[in-house]
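File shown here: final21.pdb, holding PDB, C-alpha atoms.
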ATOM      1  CA  MET L 291      98.189  94.211 112.759
ATOM      2  CA  ARG L 292     101.243  91.989 112.736
ATOM      3  CA  LYS L 293     104.523  93.715 111.914
ATOM      4  CA  SER L 294     107.038  92.260 109.505
ATOM      5  CA  LYS L 295     110.543  92.295 110.940
ATOM      6  CA  ILE L 296     113.294  93.175 108.487
ATOM      7  CA  PHE L 297     116.958  93.682 109.274
ATOM      8  CA  PHE L 298     118.778  96.666 107.837
ATOM      9  CA  ILE L 299     122.471  95.916 107.479
ATOM     10  CA  THR L 300     124.711  98.963 107.744
ATOM     11  CA  THR L 301     127.566 100.328 109.827
ATOM     12  CA  ASN L 302     126.279 103.858 109.220
ATOM     13  CA  GLN L 303     124.038 104.934 112.108
ATOM     14  CA  SER L 304     122.919 108.085 110.238
ATOM     15  CA  LYS L 305     121.763 105.970 107.299
ATOM     16  CA  PHE L 306     119.846 103.658 109.631
ATOM     17  CA  GLN L 307     118.065 106.593 111.312
ATOM     18  CA  GLU L 308     117.022 107.941 107.919
ATOM     19  CA  VAL L 309     115.820 104.614 106.535
ATOM     20  CA  ARG L 310     113.994 103.668 109.747
ATOM     21  CA  LYS L 311     112.095 106.980 109.759
ATOM     22  CA  ILE L 312     111.163 106.638 106.092
ATOM     23  CA  MET L 313     110.146 102.981 106.506
ATOM     24  CA  GLU L 314     107.905 103.804 109.476
ATOM     25  CA  GLU L 315     106.173 106.577 107.550
ATOM     26  CA  GLU L 316     105.824 104.778 104.233
ATOM     27  CA  SER L 317     104.731 101.408 105.667
ATOM     28  CA  SER L 318     102.285 102.960 108.165
ATOM     29  CA  GLY L 319     104.137 101.086 110.898
ATOM     30  CA  ARG L 320     103.591  97.612 109.423
ATOM     31  CA  ILE L 321     107.339  96.956 109.126
ATOM     32  CA  GLU L 322     109.761  96.850 112.026
ATOM     33  CA  LEU L 323     113.230  97.738 110.808
ATOM     34  CA  VAL L 324     115.991  96.301 113.004
ATOM     35  CA  HIS L 325     119.542  97.611 112.754
ATOM     36  CA  ARG L 326     122.419  95.165 112.376
ATOM     37  CA  ASP L 327     125.776  96.909 112.563
ATOM     38  CA  MET L 328     127.744  94.647 110.270
ATOM     39  CA  GLU L 329     130.725  95.373 108.063
ATOM     40  CA  LEU L 330     130.310  93.866 104.597
ATOM     41  CA  GLU L 331     132.998  93.404 101.998
ATOM     42  CA  GLU L 332     132.781  96.144  99.403
ATOM     43  CA  PRO L 333     132.784  94.321  96.041
ATOM     44  CA  LYS L 334     134.615  96.079  93.205
ATOM     45  CA  LEU L 335     131.795  96.250  90.697
ATOM     46  CA  LEU L 336     130.815  98.868  88.134
ATOM     47  CA  SER L 337     127.240  99.503  89.237
ATOM     48  CA  LEU L 338     125.497 100.315  92.485
ATOM     49  CA  LYS L 339     122.840  97.723  91.644
ATOM     50  CA  GLU L 340     125.310  94.852  91.354
ATOM     51  CA  THR L 341     127.173  96.027  94.467
ATOM     52  CA  SER L 342     123.936  96.153  96.468
ATOM     53  CA  LYS L 343     122.915  92.672  95.338
ATOM     54  CA  GLU L 344     126.309  91.213  96.293
ATOM     55  CA  LYS L 345     126.088  92.828  99.721
ATOM     56  CA  ALA L 346     122.604  91.370 100.239
ATOM     57  CA  ILE L 347     123.943  87.878  99.498
ATOM     58  CA  GLN L 348     126.837  88.375 101.941
ATOM     59  CA  ALA L 349     124.543  89.717 104.654
ATOM     60  CA  PHE L 350     122.000  86.927 104.319
ATOM     61  CA  LYS L 351     124.718  84.302 104.846
ATOM     62  CA  ARG L 352     125.373  85.876 108.236
ATOM     63  CA  VAL L 353     121.870  86.933 109.328
ATOM     64  CA  ASN L 354     119.677  84.240 107.711
ATOM     65  CA  SER L 355     116.575  86.449 107.952
ATOM     66  CA  PRO L 356     114.725  88.874 105.671
ATOM     67  CA  LEU L 357     116.866  91.966 105.206
ATOM     68  CA  ILE L 358     117.667  95.040 103.198
ATOM     69  CA  VAL L 359     120.955  96.648 102.298
ATOM     70  CA  ASP L 360     121.483 100.059 100.777
ATOM     71  CA  ASP L 361     124.217 101.021  98.382
ATOM     72  CA  THR L 362     124.215 104.688  97.556
ATOM     73  CA  GLY L 363     126.459 106.833  95.452
ATOM     74  CA  ILE L 364     126.539 110.194  93.828
ATOM     75  CA  ILE L 365     126.638 110.444  90.055
ATOM     76  CA  PHE L 366     128.129 113.426  88.241
ATOM     77  CA  GLU L 367     126.041 113.490  85.064
ATOM     78  CA  GLU L 368     128.979 114.756  83.004
ATOM     79  CA  TYR L 369     130.848 111.523  83.786
ATOM     80  CA  GLY L 370     128.276 108.778  83.207
ATOM     81  CA  ASN L 371     128.200 106.445  86.209
ATOM     82  CA  PHE L 372     131.052 108.135  88.098
ATOM     83  CA  PRO L 373     131.836 108.030  90.948
ATOM     84  CA  GLY L 374     128.770 105.820  91.622
ATOM     85  CA  PRO L 375     129.857 102.726  93.538
ATOM     86  CA  TYR L 376     133.205 104.419  94.190
ATOM     87  CA  SER L 377     131.767 107.582  95.770
ATOM     88  CA  LYS L 378     133.163 106.929  99.236
ATOM     89  CA  ILE L 379     136.647 105.972  98.124
ATOM     90  CA  PHE L 380     136.750 108.800  95.569
ATOM     91  CA  TYR L 381     135.987 111.351  98.272
ATOM     92  CA  GLU L 382     138.529 109.777 100.646
ATOM     93  CA  MET L 383     141.202 109.958  97.940
ATOM     94  CA  VAL L 384     140.634 113.464  96.525
ATOM     95  CA  GLY L 385     138.443 115.312  99.041
ATOM     96  CA  PHE L 386     136.471 118.423  98.213
ATOM     97  CA  LYS L 387     139.376 119.967  96.307
ATOM     98  CA  GLY L 388     139.543 117.016  93.910
ATOM     99  CA  ILE L 389     135.783 117.156  93.351
ATOM    100  CA  TYR L 390     136.053 120.857  92.511
ATOM    101  CA  ASN L 391     138.868 120.197  90.078
ATOM    102  CA  LEU L 392     136.895 117.453  88.354
ATOM    103  CA  LEU L 393     133.796 119.637  87.967
ATOM    104  CA  LYS L 394     135.584 122.932  87.313
ATOM    105  CA  ASP L 395     134.709 123.413  83.653
ATOM    106  CA  THR L 396     131.812 120.975  83.303
ATOM    107  CA  SER L 397     128.147 120.654  84.139
ATOM    108  CA  ARG L 398     127.550 120.515  87.879
ATOM    109  CA  LYS L 399     124.377 118.422  87.492
ATOM    110  CA  ALA L 400     124.395 115.397  89.759
ATOM    111  CA  TYR L 401     122.096 112.938  91.443
ATOM    112  CA  TYR L 402     122.181 110.516  94.301
ATOM    113  CA  SER L 403     121.276 106.966  93.402
ATOM    114  CA  SER L 404     120.227 104.631  96.166
ATOM    115  CA  ILE L 405     119.719 100.926  95.555
ATOM    116  CA  ILE L 406     117.784  99.213  98.332
ATOM    117  CA  THR L 407     118.012  95.447  97.874
ATOM    118  CA  PHE L 408     115.601  93.173  99.724
ATOM    119  CA  THR L 409     115.941  89.417 100.148
ATOM    120  CA  LYS L 410     114.003  86.844 102.163
ATOM    121  CA  ASP L 411     116.207  83.882 101.318
ATOM    122  CA  GLY L 412     119.572  85.148 100.038
ATOM    123  CA  GLU L 413     118.788  83.866  96.535
ATOM    124  CA  LYS L 414     115.934  85.983  95.186
ATOM    125  CA  LEU L 415     117.186  89.548  95.220
ATOM    126  CA  TYR L 416     114.956  92.552  94.693
ATOM    127  CA  PRO L 417     116.818  95.814  94.023
ATOM    128  CA  PHE L 418     114.890  99.105  93.949
ATOM    129  CA  GLU L 419     116.430 102.392  92.832
ATOM    130  CA  GLY L 420     115.622 105.911  93.934
ATOM    131  CA  ARG L 421     117.213 109.050  92.492
ATOM    132  CA  TYR L 422     117.542 112.490  94.019
ATOM    133  CA  ARG L 423     118.463 115.101  91.399
ATOM    134  CA  GLY L 424     120.327 118.322  91.955
ATOM    135  CA  ARG L 425     123.618 120.067  91.346
ATOM    136  CA  MET L 426     126.962 120.433  93.059
ATOM    137  CA  ALA L 427     127.586 123.755  94.817
ATOM    138  CA  HIS L 428     130.588 125.946  94.070
ATOM    139  CA  LYS L 429     131.692 125.913  97.707
ATOM    140  CA  VAL L 430     131.534 123.506 100.636
ATOM    141  CA  SER L 431     128.907 124.137 103.277
ATOM    142  CA  ALA L 432     130.061 124.948 106.801
ATOM    143  CA  ILE L 433     128.049 121.901 107.888
ATOM    144  CA  VAL L 434     129.830 118.668 106.969
ATOM    145  CA  ASN L 435     128.418 115.287 107.974
ATOM    146  CA  PRO L 436     131.334 112.819 107.961
ATOM    147  CA  TYR L 437     128.956 110.001 106.961
ATOM    148  CA  PHE L 438     127.520 111.950 104.025
ATOM    149  CA  PRO L 439     130.254 114.392 102.893
ATOM    150  CA  TYR L 440     128.670 114.956  99.480
ATOM    151  CA  ASP L 441     125.656 116.503 101.275
ATOM    152  CA  SER L 442     127.893 119.527 101.911
ATOM    153  CA  LEU L 443     127.940 120.171  98.157
ATOM    154  CA  PHE L 444     124.683 118.674  96.884
ATOM    155  CA  ILE L 445     121.842 121.144  96.333
ATOM    156  CA  PRO L 446     118.508 119.463  95.494
ATOM    157  CA  MET L 447     116.961 120.458  92.169
ATOM    158  CA  SER L 448     114.378 122.837  93.599
ATOM    159  CA  GLY L 449     116.546 124.032  96.484
ATOM    160  CA  LYS L 450     118.972 126.824  97.223
ATOM    161  CA  ILE L 451     121.043 125.321 100.046
ATOM    162  CA  PRO L 452     123.132 122.139 100.345
ATOM    163  CA  ARG L 453     121.418 119.080 101.770
ATOM    164  CA  SER L 454     123.650 119.227 104.885
ATOM    165  CA  GLU L 455     122.008 122.553 105.834
ATOM    166  CA  MET L 456     118.468 121.299 105.377
ATOM    167  CA  ASP L 457     116.215 120.256 108.232
ATOM    168  CA  PHE L 458     116.268 116.442 108.606
ATOM    169  CA  GLU L 459     112.586 116.096 107.739
ATOM    170  CA  ALA L 460     112.917 118.269 104.625
ATOM    171  CA  SER L 461     116.064 116.468 103.474
ATOM    172  CA  ILE L 462     114.420 113.042 103.497
ATOM    173  CA  GLU L 463     111.015 114.087 102.174
ATOM    174  CA  ILE L 464     112.001 113.593  98.515
ATOM    175  CA  SER L 465     115.266 111.737  99.022
ATOM    176  CA  HIS L 466     116.700 108.911  96.959
ATOM    177  CA  ARG L 467     116.181 106.450  99.803
ATOM    178  CA  ARG L 468     112.514 107.394 100.200
ATOM    179  CA  LYS L 469     111.940 106.826  96.481
ATOM    180  CA  ALA L 470     113.626 103.396  96.618
ATOM    181  CA  ILE L 471     111.707 102.380  99.750
ATOM    182  CA  LYS L 472     108.397 103.456  98.195
ATOM    183  CA  LYS L 473     109.131 101.189  95.227
ATOM    184  CA  LEU L 474     109.986  98.312  97.562
ATOM    185  CA  LEU L 475     106.778  98.751  99.554
ATOM    186  CA  ALA L 476     104.680  99.084  96.384
ATOM    187  CA  SER L 477     105.998  95.731  95.162
ATOM    188  CA  ASP L 478     104.671  92.435  96.455
ATOM    189  CA  VAL L 479     108.015  91.038  97.645
ATOM    190  CA  ILE L 480     107.684  91.774 101.386
TER     191      ILE L 480
END
Show me, as C-alpha coordinates, the structure contained in the file I just sent.
Amino acid sequence: MRKSKIFFITTNQSKFQEVRKIMEEESSGRIELVHRDMELEEPKLLSLKETSKEKAIQAFKRVNSPLIVDDTGIIFEEYGNFPGPYSKIFYEMVGFKGIYNLLKDTSRKAYYSSIITFTKDGEKLYPFEGRYRGRMAHKVSAIVNPYFPYDSLFIPMSGKIPRSEMDFEASIEISHRRKAIKKLLASDVI
(Lines of atoms letter the chains of each structure in order from A and count residues from 1; the text may use other names and numbers.)
(Lines give C-alpha, C1' and ligand atoms only; values in the text may rest on other atoms or scores of the structure.)
Protein backbone atom coordinates (compact mmCIF):
# COMPACT_ATOMS: atom_id res chain seq x y z
CA MET A 1 0.00 0.00 0.00
CA ARG A 2 1.40 3.35 -1.05
CA LYS A 3 0.99 6.16 1.46
CA SER A 4 -0.17 9.61 0.46
CA LYS A 5 2.04 12.32 1.93
CA ILE A 6 0.23 15.41 3.16
CA PHE A 7 1.75 18.35 4.99
CA PHE A 8 0.03 19.73 8.06
CA ILE A 9 0.86 23.39 8.51
CA THR A 10 0.80 24.57 12.11
CA THR A 11 3.06 26.13 14.72
CA ASN A 12 1.15 24.27 17.44
CA GLN A 13 2.93 21.01 18.27
CA SER A 14 0.01 19.81 20.44
CA LYS A 15 -2.39 20.27 17.53
CA PHE A 16 -0.06 18.34 15.22
CA GLN A 17 0.19 15.42 17.68
CA GLU A 18 -3.60 15.26 17.91
CA VAL A 19 -4.22 15.46 14.17
CA ARG A 20 -1.46 12.98 13.33
CA LYS A 21 -2.89 10.41 15.77
CA ILE A 22 -6.41 10.87 14.42
CA MET A 23 -5.23 10.73 10.79
CA GLU A 24 -3.31 7.50 11.40
CA GLU A 25 -6.33 5.86 13.02
CA GLU A 26 -8.96 7.10 10.59
CA SER A 27 -6.94 6.48 7.40
CA SER A 28 -5.71 3.04 8.52
CA GLY A 29 -2.18 4.29 7.94
CA ARG A 30 -2.67 5.16 4.26
CA ILE A 31 -1.80 8.83 4.82
CA GLU A 32 1.53 10.10 6.09
CA LEU A 33 1.04 13.43 7.81
CA VAL A 34 4.18 15.57 7.83
CA HIS A 35 4.49 18.55 10.15
CA ARG A 36 5.58 21.91 8.77
CA ASP A 37 6.11 24.46 11.52
CA MET A 38 5.15 27.58 9.62
CA GLU A 39 3.67 30.84 10.83
CA LEU A 40 0.80 31.99 8.62
CA GLU A 41 -0.78 35.41 8.56
CA GLU A 42 -4.02 35.38 10.51
CA PRO A 43 -6.59 36.96 8.17
CA LYS A 44 -9.25 39.12 9.83
CA LEU A 45 -12.33 37.35 8.57
CA LEU A 46 -15.70 36.64 10.16
CA SER A 47 -15.78 32.87 9.79
CA LEU A 48 -13.47 30.00 10.61
CA LYS A 49 -14.18 28.52 7.17
CA GLU A 50 -12.98 31.59 5.28
CA THR A 51 -9.97 31.95 7.59
CA SER A 52 -8.99 28.31 7.04
CA LYS A 53 -9.29 28.64 3.26
CA GLU A 54 -7.12 31.78 3.22
CA LYS A 55 -4.48 30.03 5.31
CA ALA A 56 -4.48 27.06 2.92
CA ILE A 57 -3.81 29.41 -0.01
CA GLN A 58 -0.96 31.10 1.89
CA ALA A 59 0.57 27.78 2.91
CA PHE A 60 0.41 26.28 -0.57
CA LYS A 61 2.35 29.24 -2.00
CA ARG A 62 5.20 28.32 0.34
CA VAL A 63 5.00 24.50 0.38
CA ASN A 64 3.72 23.72 -3.15
CA SER A 65 2.51 20.27 -2.08
CA PRO A 66 -0.76 18.73 -0.90
CA LEU A 67 -1.54 20.05 2.57
CA ILE A 68 -4.07 20.67 5.28
CA VAL A 69 -4.52 23.55 7.66
CA ASP A 70 -6.77 23.67 10.69
CA ASP A 71 -8.56 26.71 12.00
CA THR A 72 -10.38 26.05 15.23
CA GLY A 73 -12.36 28.25 17.53
CA ILE A 74 -14.81 28.01 20.34
CA ILE A 75 -18.34 29.29 19.86
CA PHE A 76 -20.49 30.49 22.74
CA GLU A 77 -23.98 29.63 21.49
CA GLU A 78 -25.49 32.66 23.22
CA TYR A 79 -23.35 34.92 21.00
CA GLY A 80 -23.76 33.47 17.50
CA ASN A 81 -20.33 32.99 15.92
CA PHE A 82 -18.35 34.53 18.79
CA PRO A 83 -15.49 34.33 19.51
CA GLY A 84 -15.01 31.87 16.60
CA PRO A 85 -12.07 33.01 14.47
CA TYR A 86 -11.10 35.41 17.27
CA SER A 87 -10.93 32.78 20.03
CA LYS A 88 -7.18 33.06 20.57
CA ILE A 89 -7.04 36.84 20.61
CA PHE A 90 -10.19 37.07 22.75
CA TYR A 91 -8.62 34.83 25.39
CA GLU A 92 -5.33 36.76 25.24
CA MET A 93 -7.19 40.04 25.75
CA VAL A 94 -9.65 39.10 28.52
CA GLY A 95 -8.43 35.81 30.00
CA PHE A 96 -10.59 33.51 32.07
CA LYS A 97 -12.05 36.39 34.07
CA GLY A 98 -13.37 38.08 30.93
CA ILE A 99 -14.89 34.81 29.71
CA TYR A 100 -16.66 34.40 33.05
CA ASN A 101 -18.00 37.94 32.89
CA LEU A 102 -19.30 37.41 29.36
CA LEU A 103 -21.08 34.17 30.29
CA LYS A 104 -22.18 35.18 33.79
CA ASP A 105 -25.92 35.47 33.22
CA THR A 106 -26.28 33.57 29.95
CA SER A 107 -26.35 30.04 28.61
CA ARG A 108 -23.02 28.29 29.03
CA LYS A 109 -23.58 26.07 25.98
CA ALA A 110 -20.61 26.10 23.64
CA TYR A 111 -18.94 24.07 20.94
CA TYR A 112 -15.58 23.81 19.30
CA SER A 113 -15.62 24.18 15.54
CA SER A 114 -12.67 22.90 13.59
CA ILE A 115 -12.29 23.58 9.88
CA ILE A 116 -9.73 21.33 8.21
CA THR A 117 -9.01 22.64 4.72
CA PHE A 118 -7.27 20.41 2.19
CA THR A 119 -5.70 21.53 -1.09
CA LYS A 120 -3.60 19.75 -3.70
CA ASP A 121 -2.96 22.78 -5.88
CA GLY A 122 -3.64 25.94 -3.86
CA GLU A 123 -6.71 26.71 -5.99
CA LYS A 124 -9.29 24.03 -5.24
CA LEU A 125 -9.97 24.26 -1.53
CA TYR A 126 -11.89 21.65 0.41
CA PRO A 127 -12.98 22.74 3.90
CA PHE A 128 -14.49 20.18 6.29
CA GLU A 129 -16.07 21.12 9.61
CA GLY A 130 -16.28 19.13 12.82
CA ARG A 131 -18.10 20.26 15.95
CA TYR A 132 -17.60 19.19 19.54
CA ARG A 133 -20.54 20.23 21.74
CA GLY A 134 -20.47 20.93 25.43
CA ARG A 135 -20.70 23.68 28.01
CA MET A 136 -18.36 26.06 29.78
CA ALA A 137 -17.54 25.21 33.40
CA HIS A 138 -18.09 27.63 36.27
CA LYS A 139 -14.44 27.44 37.32
CA VAL A 140 -11.09 26.93 35.62
CA SER A 141 -9.51 23.51 35.86
CA ALA A 142 -6.19 23.19 37.68
CA ILE A 143 -4.83 21.77 34.42
CA VAL A 144 -4.29 24.51 31.84
CA ASN A 145 -2.75 23.74 28.45
CA PRO A 146 -1.30 27.02 27.13
CA TYR A 147 -2.02 25.90 23.55
CA PHE A 148 -5.66 25.08 24.30
CA PRO A 149 -6.71 27.32 27.23
CA TYR A 150 -10.42 26.87 26.55
CA ASP A 151 -9.99 23.15 27.34
CA SER A 152 -9.70 24.21 31.00
CA LEU A 153 -13.33 25.33 30.87
CA PHE A 154 -14.91 23.17 28.16
CA ILE A 155 -16.86 20.15 29.40
CA PRO A 156 -18.00 17.82 26.59
CA MET A 157 -21.76 17.26 26.34
CA SER A 158 -21.78 13.84 27.98
CA GLY A 159 -18.91 14.55 30.36
CA LYS A 160 -18.41 15.81 33.88
CA ILE A 161 -14.84 17.13 33.73
CA PRO A 162 -13.11 19.74 31.54
CA ARG A 163 -11.36 18.48 28.43
CA SER A 164 -7.95 19.44 29.91
CA GLU A 165 -8.46 16.79 32.64
CA MET A 166 -9.43 14.04 30.22
CA ASP A 167 -7.07 11.31 29.08
CA PHE A 168 -5.61 12.20 25.65
CA GLU A 169 -7.25 9.23 23.95
CA ALA A 170 -10.67 10.01 25.45
CA SER A 171 -10.40 13.71 24.60
CA ILE A 172 -9.82 13.07 20.90
CA GLU A 173 -12.21 10.15 20.48
CA ILE A 174 -15.19 12.38 19.63
CA SER A 175 -13.35 15.65 19.09
CA HIS A 176 -14.07 18.35 16.54
CA ARG A 177 -10.87 17.56 14.66
CA ARG A 178 -11.72 13.86 14.40
CA LYS A 179 -15.13 14.71 12.96
CA ALA A 180 -13.58 17.06 10.37
CA ILE A 181 -10.89 14.54 9.42
CA LYS A 182 -13.49 11.77 9.02
CA LYS A 183 -15.38 13.99 6.58
CA LEU A 184 -12.18 14.72 4.66
CA LEU A 185 -11.29 11.04 4.41
CA ALA A 186 -14.85 10.10 3.40
CA SER A 187 -14.67 12.55 0.50
CA ASP A 188 -12.87 11.74 -2.73
CA VAL A 189 -10.51 14.74 -2.69
CA ILE A 190 -7.36 13.02 -1.38
- prompt: Which polymer residues have any atom within 6 Å of an atom of Ile405 (chain L), counting only C-alpha atoms, with same-chain residues fewer than 6 positions away left out, as a ChimeraX atom specification?
  reply: /L:339,360-361,418-419
- prompt: L:Tyr402, L:Phe444, L:Tyr369, L:Tyr416: which is nearest Glu340 (chain L), counting all atoms listed in the file?
  reply: L:Tyr416
Separation of CA of Pro436 (chain L) from CA of Tyr422 (chain L) in Å: 19.6 Å
- request: Between L:Phe386, L:Thr300, L:Glu316, L:Asp327, single out the one closest to Ala476 (chain L), counting all atoms listed in the file.
  value: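 The shortest atom-to-atom distance to Ala476 (chain L) comes from L:Glu316.
Our summary of the geometry notes that CA of Lys345 (chain L) is positioned 16.3 Å from CA of Ser377 (chain L).
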message: At a cut-off of 10 Å, using only C-alpha atoms, what residues contact Asn354 (chain L)? Leave out same-chain residues fewer than 2 positions from it and give the result as a list of chain:residue names.
response: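 Near neighbours after the sequence-gap exclusion: L:Phe297, L:Ile347, L:Ala349, L:Phe350, L:Lys351, L:Arg352, L:Pro356, L:Leu357, L:Thr409, L:Lys410, L:Asp411, L:Gly412.
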message: Give me, as a PyMOL selection string, all polymer residues having an atom no more than 9 Å from Pro439 (chain L), counting all atoms listed in the file and skipping those fewer than 3 positions away in the same chain.
response: chain L and resi 378+381+386+434-436+442-443+454
task: Let me know the residues the PyMOL selection byres ((chain L and resi 307) around 12) catches in the file above, as a PyMOL selection string.
output: chain L and resi 298+300-306+308-314+323-325+458-459+462+467
task: For Glu367 (chain L), work out the shell of residues within 8 Å, counting all atoms listed in the file and skipping chain neighbours fewer than 2 positions away, then give it as a PyMOL selection string.
output: chain L and resi 365+369-372+397-401
- prompt: Can you list, as JSON, numbers by chain, the residues that the PyMOL selection byres ((chain L and resi 452) around 10) selects here?
  reply: {"L": [424, 425, 426, 427, 429, 430, 431, 432, 433, 440, 441, 442, 443, 444, 445, 446, 449, 450, 451, 453, 454, 455, 456, 461]}
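Taking CA of Arg326 (chain L) as the reference point, CA of Ile464 (chain L) is found at 25.3 Å.
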Calculate, to one decimal in Å, the centre and edge lengths of the box along x, y and z of the file that holds all listed atoms of region 456-466 of chain L with 4 Å of margin on each side, and present them as lines of an AutoDock Vina configuration file.
center_x = 114.7
center_y = 115.1
center_z = 102.8
size_x = 15.5
size_y = 20.4
size_z = 19.6
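Distance annotation: of L:Ser448, L:Asn391, L:Gln348, L:Ser337, the residue with the minimal separation from Ser404 (chain L) is L:Ser337; atom set is all atoms listed in the file.
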- prompt: Counting only C-alpha atoms, which of L:Glu322, L:Glu331, L:Glu368, L:Glu315 gets nearest to Glu344 (chain L)?
  reply: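 Selected residue with least distance to Glu344 (chain L): L:Glu331.
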field: Spatial neighbours of Lys334 (chain L), 9 Å, all atoms listed in the file, chain gap at least 3 places, as an MDAnalysis selection string
entry: chainID L and resid 341 375:376
- prompt: Looking at only C-alpha atoms, which of L:Arg468, L:Thr362, L:Val479, L:Gly388 is the one that sits closest to Lys414 (chain L)?
  reply: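 Of the candidates, the smallest distance to Lys414 (chain L) is held by L:Val479.
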query: Which one of L:Leu330, L:Leu336, L:Ile321, L:Ile364 sits closest to Phe438 (chain L) if you count only C-alpha atoms?
result: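 Going through L:Leu330, L:Leu336, L:Ile321, L:Ile364 one by one, the smallest distance to Phe438 (chain L) is for L:Ile364.
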